[in-house]
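Structure below is start_33.cif: mmCIF, N, CA and C atoms.
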data_run
loop_
_atom_site.label_atom_id
_atom_site.label_comp_id
_atom_site.auth_asym_id
_atom_site.auth_seq_id
_atom_site.Cartn_x
_atom_site.Cartn_y
_atom_site.Cartn_z
N MET I 55 101.68 84.37 96.02
CA MET I 55 103.00 84.42 95.44
C MET I 55 103.20 85.77 94.78
N ARG I 56 104.23 86.48 95.13
CA ARG I 56 104.52 87.79 94.55
C ARG I 56 105.52 87.62 93.41
N TYR I 57 105.25 88.26 92.30
CA TYR I 57 106.14 88.19 91.16
C TYR I 57 107.14 89.32 91.21
N VAL I 58 108.40 89.02 90.92
CA VAL I 58 109.42 90.04 90.79
C VAL I 58 109.71 90.17 89.30
N ALA I 59 109.44 91.32 88.77
CA ALA I 59 109.57 91.51 87.32
C ALA I 59 111.02 91.66 86.93
N PRO I 60 111.41 91.12 85.77
CA PRO I 60 112.80 91.20 85.34
C PRO I 60 113.22 92.58 84.87
N MET I 61 112.27 93.41 84.39
CA MET I 61 112.65 94.70 83.83
C MET I 61 112.14 95.89 84.61
N GLY I 62 111.25 95.72 85.54
CA GLY I 62 110.72 96.86 86.28
C GLY I 62 109.69 96.41 87.27
N PRO I 63 109.26 97.29 88.19
CA PRO I 63 108.34 96.89 89.24
C PRO I 63 106.91 96.66 88.79
N SER I 64 106.53 97.10 87.59
CA SER I 64 105.13 96.95 87.18
C SER I 64 104.97 95.93 86.05
N GLU I 65 105.83 94.90 86.03
CA GLU I 65 105.75 93.91 84.97
C GLU I 65 105.64 92.51 85.58
N VAL I 66 104.97 91.62 84.87
CA VAL I 66 104.81 90.23 85.26
C VAL I 66 105.25 89.36 84.09
N ASN I 67 105.84 88.21 84.37
CA ASN I 67 106.29 87.33 83.29
C ASN I 67 105.12 86.91 82.43
N GLY I 68 105.32 86.87 81.12
CA GLY I 68 104.28 86.58 80.16
C GLY I 68 103.96 85.11 80.03
N PRO I 69 102.92 84.79 79.24
CA PRO I 69 102.49 83.41 79.09
C PRO I 69 103.52 82.58 78.32
N GLY I 70 103.89 81.43 78.89
CA GLY I 70 104.73 80.48 78.21
C GLY I 70 106.22 80.77 78.19
N ASP I 71 106.64 82.01 78.36
CA ASP I 71 108.06 82.33 78.28
C ASP I 71 108.41 83.28 79.41
N SER I 72 109.33 82.86 80.27
CA SER I 72 109.71 83.69 81.41
C SER I 72 110.56 84.89 80.98
N LYS I 73 111.00 84.93 79.71
CA LYS I 73 111.82 86.03 79.22
C LYS I 73 110.98 87.15 78.62
N GLN I 74 109.68 86.93 78.43
CA GLN I 74 108.83 87.93 77.82
C GLN I 74 107.95 88.56 78.90
N PRO I 75 108.27 89.79 79.34
CA PRO I 75 107.48 90.42 80.40
C PRO I 75 106.17 91.01 79.87
N ILE I 76 105.19 91.08 80.75
CA ILE I 76 103.92 91.75 80.45
C ILE I 76 103.90 93.02 81.30
N THR I 77 103.67 94.15 80.66
CA THR I 77 103.60 95.42 81.37
C THR I 77 102.15 95.83 81.51
N VAL I 78 101.73 96.20 82.71
CA VAL I 78 100.38 96.68 82.95
C VAL I 78 100.32 98.13 82.49
N LEU I 79 99.28 98.49 81.73
CA LEU I 79 99.20 99.80 81.11
C LEU I 79 98.21 100.73 81.81
N PHE I 80 98.38 102.01 81.55
CA PHE I 80 97.49 103.08 81.94
C PHE I 80 97.14 103.06 83.43
N ASP I 81 95.84 103.04 83.77
CA ASP I 81 95.41 103.10 85.17
C ASP I 81 95.00 101.72 85.68
N ARG I 82 95.55 100.66 85.10
CA ARG I 82 95.17 99.31 85.49
C ARG I 82 96.02 98.80 86.64
N VAL I 83 95.40 97.93 87.45
CA VAL I 83 96.06 97.31 88.60
C VAL I 83 95.86 95.81 88.48
N LEU I 84 96.95 95.04 88.58
CA LEU I 84 96.89 93.59 88.52
C LEU I 84 96.98 93.07 89.94
N VAL I 85 95.95 92.31 90.37
CA VAL I 85 95.90 91.81 91.74
C VAL I 85 95.69 90.30 91.73
N GLN I 86 95.99 89.68 92.88
CA GLN I 86 95.76 88.26 93.04
C GLN I 86 94.99 88.05 94.33
N VAL I 87 93.83 87.39 94.20
CA VAL I 87 92.99 87.08 95.35
C VAL I 87 93.50 85.78 95.96
N THR I 88 93.82 85.80 97.24
CA THR I 88 94.31 84.59 97.89
C THR I 88 93.14 83.66 98.19
N GLN I 89 93.41 82.36 98.26
CA GLN I 89 92.36 81.39 98.53
C GLN I 89 91.72 81.61 99.89
N SER I 90 92.49 82.05 100.88
CA SER I 90 91.92 82.26 102.20
C SER I 90 90.92 83.41 102.21
N ASP I 91 91.10 84.39 101.30
CA ASP I 91 90.14 85.50 101.21
C ASP I 91 88.85 85.06 100.54
N GLY I 92 88.91 84.01 99.73
CA GLY I 92 87.72 83.55 99.03
C GLY I 92 86.76 82.83 99.96
N GLU I 93 87.28 81.93 100.79
CA GLU I 93 86.42 81.21 101.73
C GLU I 93 86.37 81.96 103.05
N ARG I 94 85.27 81.81 103.75
CA ARG I 94 85.14 82.48 105.05
C ARG I 94 84.23 81.66 105.95
N ARG I 95 84.22 81.99 107.20
CA ARG I 95 83.37 81.30 108.18
C ARG I 95 82.35 82.27 108.75
N SER I 96 81.16 81.74 109.00
CA SER I 96 80.12 82.56 109.64
C SER I 96 80.45 82.65 111.13
N ARG I 97 79.72 83.47 111.85
CA ARG I 97 79.94 83.59 113.30
C ARG I 97 79.66 82.29 114.03
N ALA I 98 78.80 81.46 113.47
CA ALA I 98 78.48 80.16 114.08
C ALA I 98 79.51 79.09 113.71
N GLY I 99 80.48 79.42 112.83
CA GLY I 99 81.51 78.48 112.47
C GLY I 99 81.26 77.70 111.20
N ILE I 100 80.22 78.05 110.46
CA ILE I 100 79.91 77.35 109.21
C ILE I 100 80.82 77.88 108.10
N LEU I 101 81.46 76.96 107.36
CA LEU I 101 82.34 77.33 106.26
C LEU I 101 81.51 77.72 105.05
N ILE I 102 81.74 78.94 104.54
CA ILE I 102 81.04 79.44 103.36
C ILE I 102 82.04 79.46 102.22
N PRO I 103 81.83 78.66 101.16
CA PRO I 103 82.80 78.59 100.06
C PRO I 103 82.86 79.89 99.27
N ALA I 104 83.96 80.05 98.54
CA ALA I 104 84.16 81.26 97.74
C ALA I 104 83.15 81.38 96.62
N THR I 105 82.58 80.25 96.19
CA THR I 105 81.63 80.27 95.08
C THR I 105 80.23 80.70 95.50
N ALA I 106 79.97 80.80 96.81
CA ALA I 106 78.65 81.22 97.28
C ALA I 106 78.43 82.69 96.94
N GLN I 107 77.28 83.00 96.42
CA GLN I 107 76.96 84.36 96.03
C GLN I 107 76.45 85.15 97.23
N VAL I 108 77.13 86.24 97.53
CA VAL I 108 76.70 87.15 98.58
C VAL I 108 76.57 88.51 97.92
N SER I 109 75.39 89.10 98.01
CA SER I 109 75.18 90.37 97.34
C SER I 109 75.98 91.48 98.00
N ARG I 110 76.59 92.28 97.18
CA ARG I 110 77.31 93.47 97.61
C ARG I 110 78.44 93.20 98.60
N ARG I 111 79.17 92.10 98.44
CA ARG I 111 80.29 91.81 99.31
C ARG I 111 81.58 92.16 98.56
N LEU I 112 82.42 93.01 99.17
CA LEU I 112 83.68 93.39 98.56
C LEU I 112 84.76 92.38 98.93
N VAL I 113 85.84 92.33 98.14
CA VAL I 113 86.89 91.34 98.29
C VAL I 113 88.24 92.04 98.42
N TRP I 114 89.12 91.48 99.28
CA TRP I 114 90.49 91.96 99.42
C TRP I 114 91.41 91.15 98.51
N ALA I 115 92.41 91.80 97.93
CA ALA I 115 93.41 91.12 97.10
C ALA I 115 94.74 91.86 97.23
N GLU I 116 95.83 91.16 96.89
CA GLU I 116 97.16 91.77 96.96
C GLU I 116 97.57 92.27 95.58
N THR I 117 98.13 93.47 95.53
CA THR I 117 98.57 94.08 94.28
C THR I 117 99.86 93.43 93.82
N VAL I 118 99.89 93.01 92.54
CA VAL I 118 101.06 92.36 91.96
C VAL I 118 101.80 93.31 91.03
N ALA I 119 101.05 94.12 90.26
CA ALA I 119 101.66 95.08 89.32
C ALA I 119 100.70 96.24 89.13
N VAL I 120 101.26 97.41 88.80
CA VAL I 120 100.44 98.60 88.57
C VAL I 120 100.90 99.28 87.28
N GLY I 121 99.96 99.97 86.64
CA GLY I 121 100.27 100.73 85.44
C GLY I 121 100.95 102.05 85.78
N PRO I 122 101.49 102.74 84.78
CA PRO I 122 102.24 103.98 85.03
C PRO I 122 101.38 105.15 85.51
N HIS I 123 100.07 105.12 85.29
CA HIS I 123 99.21 106.22 85.69
C HIS I 123 98.47 105.97 87.01
N VAL I 124 98.81 104.91 87.71
CA VAL I 124 98.18 104.61 89.00
C VAL I 124 98.89 105.43 90.07
N ARG I 125 98.12 106.17 90.88
CA ARG I 125 98.71 107.08 91.85
C ARG I 125 98.62 106.59 93.29
N ALA I 126 97.55 105.89 93.67
CA ALA I 126 97.30 105.60 95.08
C ALA I 126 97.66 104.18 95.50
N VAL I 127 98.03 103.31 94.57
CA VAL I 127 98.28 101.91 94.89
C VAL I 127 99.71 101.56 94.49
N LYS I 128 100.39 100.82 95.36
CA LYS I 128 101.74 100.35 95.09
C LYS I 128 101.76 98.82 95.13
N ILE I 129 102.78 98.21 94.57
CA ILE I 129 102.92 96.75 94.60
C ILE I 129 103.05 96.29 96.04
N GLY I 130 102.31 95.24 96.39
CA GLY I 130 102.31 94.70 97.74
C GLY I 130 101.17 95.20 98.61
N ASP I 131 100.45 96.25 98.19
CA ASP I 131 99.31 96.76 98.94
C ASP I 131 98.14 95.78 98.83
N LYS I 132 97.28 95.78 99.84
CA LYS I 132 96.02 95.04 99.76
C LYS I 132 94.94 96.03 99.36
N VAL I 133 94.13 95.65 98.37
CA VAL I 133 93.09 96.54 97.86
C VAL I 133 91.72 95.88 98.03
N LEU I 134 90.72 96.70 98.23
CA LEU I 134 89.34 96.26 98.40
C LEU I 134 88.56 96.65 97.16
N PHE I 135 87.88 95.65 96.53
CA PHE I 135 87.17 95.93 95.30
C PHE I 135 85.91 95.08 95.21
N ASN I 136 85.02 95.46 94.31
CA ASN I 136 83.80 94.73 94.05
C ASN I 136 84.12 93.61 93.07
N PRO I 137 83.83 92.35 93.40
CA PRO I 137 84.18 91.25 92.50
C PRO I 137 83.44 91.27 91.17
N GLU I 138 82.39 92.07 91.04
CA GLU I 138 81.68 92.17 89.77
C GLU I 138 82.38 93.12 88.79
N ASP I 139 83.25 94.01 89.28
CA ASP I 139 83.94 95.00 88.44
C ASP I 139 85.35 94.53 88.11
N ARG I 140 85.49 93.33 87.53
CA ARG I 140 86.83 92.81 87.30
C ARG I 140 86.91 92.02 86.01
N PHE I 141 88.14 91.86 85.56
CA PHE I 141 88.46 91.01 84.41
C PHE I 141 89.49 90.00 84.89
N GLU I 142 89.19 88.72 84.73
CA GLU I 142 90.11 87.67 85.16
C GLU I 142 91.05 87.29 84.03
N VAL I 143 92.30 86.96 84.39
CA VAL I 143 93.29 86.55 83.42
C VAL I 143 94.17 85.47 84.05
N GLU I 144 94.63 84.54 83.21
CA GLU I 144 95.52 83.49 83.69
C GLU I 144 96.89 83.70 83.07
N VAL I 145 97.93 83.75 83.92
CA VAL I 145 99.30 83.92 83.48
C VAL I 145 100.11 82.77 84.07
N GLN I 146 100.67 81.94 83.22
CA GLN I 146 101.47 80.79 83.62
C GLN I 146 100.77 79.92 84.66
N GLY I 147 99.49 79.66 84.44
CA GLY I 147 98.73 78.77 85.31
C GLY I 147 98.20 79.39 86.58
N GLU I 148 98.41 80.67 86.80
CA GLU I 148 97.90 81.34 88.00
C GLU I 148 96.84 82.37 87.62
N GLU I 149 95.83 82.50 88.48
CA GLU I 149 94.71 83.41 88.22
C GLU I 149 95.01 84.80 88.79
N PHE I 150 94.76 85.82 87.98
CA PHE I 150 94.91 87.21 88.39
C PHE I 150 93.65 87.97 88.01
N VAL I 151 93.51 89.16 88.56
CA VAL I 151 92.37 90.03 88.27
C VAL I 151 92.94 91.38 87.85
N ILE I 152 92.41 91.95 86.77
CA ILE I 152 92.79 93.29 86.32
C ILE I 152 91.67 94.25 86.67
N LEU I 153 92.03 95.33 87.35
CA LEU I 153 91.07 96.35 87.79
C LEU I 153 91.50 97.72 87.28
N ARG I 154 90.55 98.62 87.17
CA ARG I 154 90.88 100.03 87.00
C ARG I 154 91.12 100.61 88.39
N GLU I 155 91.96 101.61 88.48
CA GLU I 155 92.23 102.23 89.78
C GLU I 155 90.95 102.82 90.37
N ARG I 156 90.07 103.33 89.56
CA ARG I 156 88.83 103.93 90.06
C ARG I 156 87.86 102.90 90.63
N ASP I 157 88.05 101.59 90.30
CA ASP I 157 87.19 100.54 90.84
C ASP I 157 87.65 100.03 92.21
N ILE I 158 88.76 100.54 92.71
CA ILE I 158 89.28 100.15 94.03
C ILE I 158 88.66 101.05 95.08
N HIS I 159 88.10 100.44 96.13
CA HIS I 159 87.41 101.19 97.17
C HIS I 159 88.30 101.58 98.34
N ALA I 160 89.33 100.77 98.65
CA ALA I 160 90.21 101.07 99.78
C ALA I 160 91.56 100.41 99.55
N VAL I 161 92.60 100.98 100.19
CA VAL I 161 93.96 100.44 100.10
C VAL I 161 94.49 100.28 101.52
N ALA I 162 95.03 99.10 101.80
CA ALA I 162 95.67 98.84 103.10
C ALA I 162 97.16 98.63 102.83
N SER I 163 98.00 99.47 103.44
CA SER I 163 99.43 99.35 103.22
C SER I 163 100.18 99.83 104.47
N GLU I 164 101.45 99.49 104.51
CA GLU I 164 102.31 99.93 105.62
C GLU I 164 102.55 101.43 105.57
N ARG I 165 102.52 102.04 104.39
CA ARG I 165 102.87 103.44 104.21
C ARG I 165 101.68 104.38 104.28
N ASN I 166 100.48 103.91 104.64
CA ASN I 166 99.27 104.71 104.63
C ASN I 166 99.34 105.79 105.71
N ASP I 167 99.75 107.01 105.33
CA ASP I 167 99.94 108.10 106.27
C ASP I 167 98.65 108.85 106.58
N SER I 168 97.75 108.94 105.63
CA SER I 168 96.53 109.72 105.83
C SER I 168 95.31 108.83 105.93
N GLY I 169 95.43 107.73 106.63
CA GLY I 169 94.34 106.77 106.74
C GLY I 169 93.33 107.13 107.81
N THR I 170 92.44 106.21 108.08
CA THR I 170 91.36 106.44 109.03
C THR I 170 91.75 106.04 110.45
N GLY I 171 92.92 105.41 110.61
CA GLY I 171 93.33 104.93 111.92
C GLY I 171 92.92 103.50 112.15
N LEU I 172 92.27 102.86 111.17
CA LEU I 172 91.89 101.47 111.28
C LEU I 172 93.00 100.60 110.72
N TYR I 173 93.20 99.43 111.31
CA TYR I 173 94.27 98.54 110.88
C TYR I 173 93.71 97.18 110.57
N LEU I 174 94.34 96.48 109.63
CA LEU I 174 93.95 95.11 109.31
C LEU I 174 94.80 94.13 110.06
#

Rewritten as structure tokens:
Amino acid sequence: MRYVAPMGPSEVNGPGDSKQPITVLFDRVLVQVTQSDGERRSRAGILIPATAQVSRRLVWAETVAVGPHVRAVKIGDKVLFNPEDRFEVEVQGEEFVILRERDIHAVASERNDSGTGLYL
């Protein structure tokens, strides 16, 4: 679910009151990991739950809001990050993750002009 901020593109509605926006500050990025990205299947078809620990596995998430000093990520982009380098937060019953821009390893977007030529 993508949030449309009432006052600007980098804001999300605050806890308990839809009239109080939360603004993401500095170089922070607010993302939401979808449930389908959490669970996965092995090549043999075995379902591996999101709670299973896999060493050094990066995770994709969709960007919901960005701070004013973020340069490479826009709202709606998919970002790749290490799940150990995150802070989880709950806003109006939904789980989000706050990252620093420097903790993001890759960005997948429609506007990626200088990419590697790989597509998701």

>> My list of candidates is I:Ala162, I:Ile100, I:Val145, I:Val118. Which is closest to Lys132 of chain I when distances are computed with only N, CA and C atoms?
In response: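 Result for the nearest residue to Lys132 of chain I: I:Ala162.
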
Determine the residue set returned by the PyMOL selection byres ((chain I and resi 141) around 5) for the present structure, and present it as a PDB file with N, CA and C atoms, in the coordinates of the input.
ATOM      1  N   ASP I 139      83.250  94.010  89.280  1.00  0.00           N
ATOM      2  CA  ASP I 139      83.940  95.000  88.440  1.00  0.00           C
ATOM      3  C   ASP I 139      85.350  94.530  88.110  1.00  0.00           C
ATOM      4  N   ARG I 140      85.490  93.330  87.530  1.00  0.00           N
ATOM      5  CA  ARG I 140      86.830  92.810  87.300  1.00  0.00           C
ATOM      6  C   ARG I 140      86.910  92.020  86.010  1.00  0.00           C
ATOM      7  N   GLU I 142      89.190  88.720  84.730  1.00  0.00           N
ATOM      8  CA  GLU I 142      90.110  87.670  85.160  1.00  0.00           C
ATOM      9  C   GLU I 142      91.050  87.290  84.030  1.00  0.00           C
ATOM     10  N   VAL I 143      92.300  86.960  84.390  1.00  0.00           N
ATOM     11  CA  VAL I 143      93.290  86.550  83.420  1.00  0.00           C
ATOM     12  C   VAL I 143      94.170  85.470  84.050  1.00  0.00           C
ATOM     13  N   VAL I 151      93.510  89.160  88.560  1.00  0.00           N
ATOM     14  CA  VAL I 151      92.370  90.030  88.270  1.00  0.00           C
ATOM     15  C   VAL I 151      92.940  91.380  87.850  1.00  0.00           C
ATOM     16  N   ILE I 152      92.410  91.950  86.770  1.00  0.00           N
ATOM     17  CA  ILE I 152      92.790  93.290  86.320  1.00  0.00           C
ATOM     18  C   ILE I 152      91.670  94.250  86.670  1.00  0.00           C
TER      19      ILE I 152
END

Ground truth for the PyMOL selection byres (((chain I and resi 163 and name CA) around 9) and name CA), written as a tab-separated table (two decimals) with N, CA and C atoms, in the frame of the given file:
chain	number	residue	atom	x	y	z
I	127	VAL	N	98.03	103.31	94.57
I	127	VAL	CA	98.28	101.91	94.89
I	127	VAL	C	99.71	101.56	94.49
I	128	LYS	N	100.39	100.82	95.36
I	128	LYS	CA	101.74	100.35	95.09
I	128	LYS	C	101.76	98.82	95.13
I	130	GLY	N	102.31	95.24	96.39
I	130	GLY	CA	102.31	94.70	97.74
I	130	GLY	C	101.17	95.20	98.61
I	131	ASP	N	100.45	96.25	98.19
I	131	ASP	CA	99.31	96.76	98.94
I	131	ASP	C	98.14	95.78	98.83
I	132	LYS	N	97.28	95.78	99.84
I	132	LYS	CA	96.02	95.04	99.76
I	132	LYS	C	94.94	96.03	99.36
I	133	VAL	N	94.13	95.65	98.37
I	133	VAL	CA	93.09	96.54	97.86
I	133	VAL	C	91.72	95.88	98.03
I	161	VAL	N	92.60	100.98	100.19
I	161	VAL	CA	93.96	100.44	100.10
I	161	VAL	C	94.49	100.28	101.52
I	162	ALA	N	95.03	99.10	101.80
I	162	ALA	CA	95.67	98.84	103.10
I	162	ALA	C	97.16	98.63	102.83
I	164	GLU	N	101.45	99.49	104.51
I	164	GLU	CA	102.31	99.93	105.62
I	164	GLU	C	102.55	101.43	105.57
I	165	ARG	N	102.52	102.04	104.39
I	165	ARG	CA	102.87	103.44	104.21
I	165	ARG	C	101.68	104.38	104.28
I	166	ASN	N	100.48	103.91	104.64
I	166	ASN	CA	99.27	104.71	104.63
I	166	ASN	C	99.34	105.79	105.71

> Written as number ranges by chain, which residues does the PyMOL selection byres (((chain I and resi 82 and name CA) around 6) and name CA) give for the file shown?
Replying inline: I: 79-81, 83, 121, 153-155

> What is the distance, in Å and to one decimal place, between atom C of Thr117 of chain I and atom CA of Phe135 of chain I?
Replying inline: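 Interatomic distance here is 13.0 Å.
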
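Our summary of the geometry notes that atom CA of Pro75 of chain I is positioned 13.5 Å from atom CA of Val120 of chain I.
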
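Atom N of Phe150 of chain I to atom CA of Ile76 of chain I spans 13.3 Å [interatomic distance, one decimal].
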
Padded axis-aligned box of segment 155-161 of chain I (8 Å per side), centre and edge lengths, Å, one decimal, as AutoDock Vina command-line options:
--center_x 90.8 --center_y 102.0 --center_z 95.0 --size_x 23.3 --size_y 19.9 --size_z 29.0
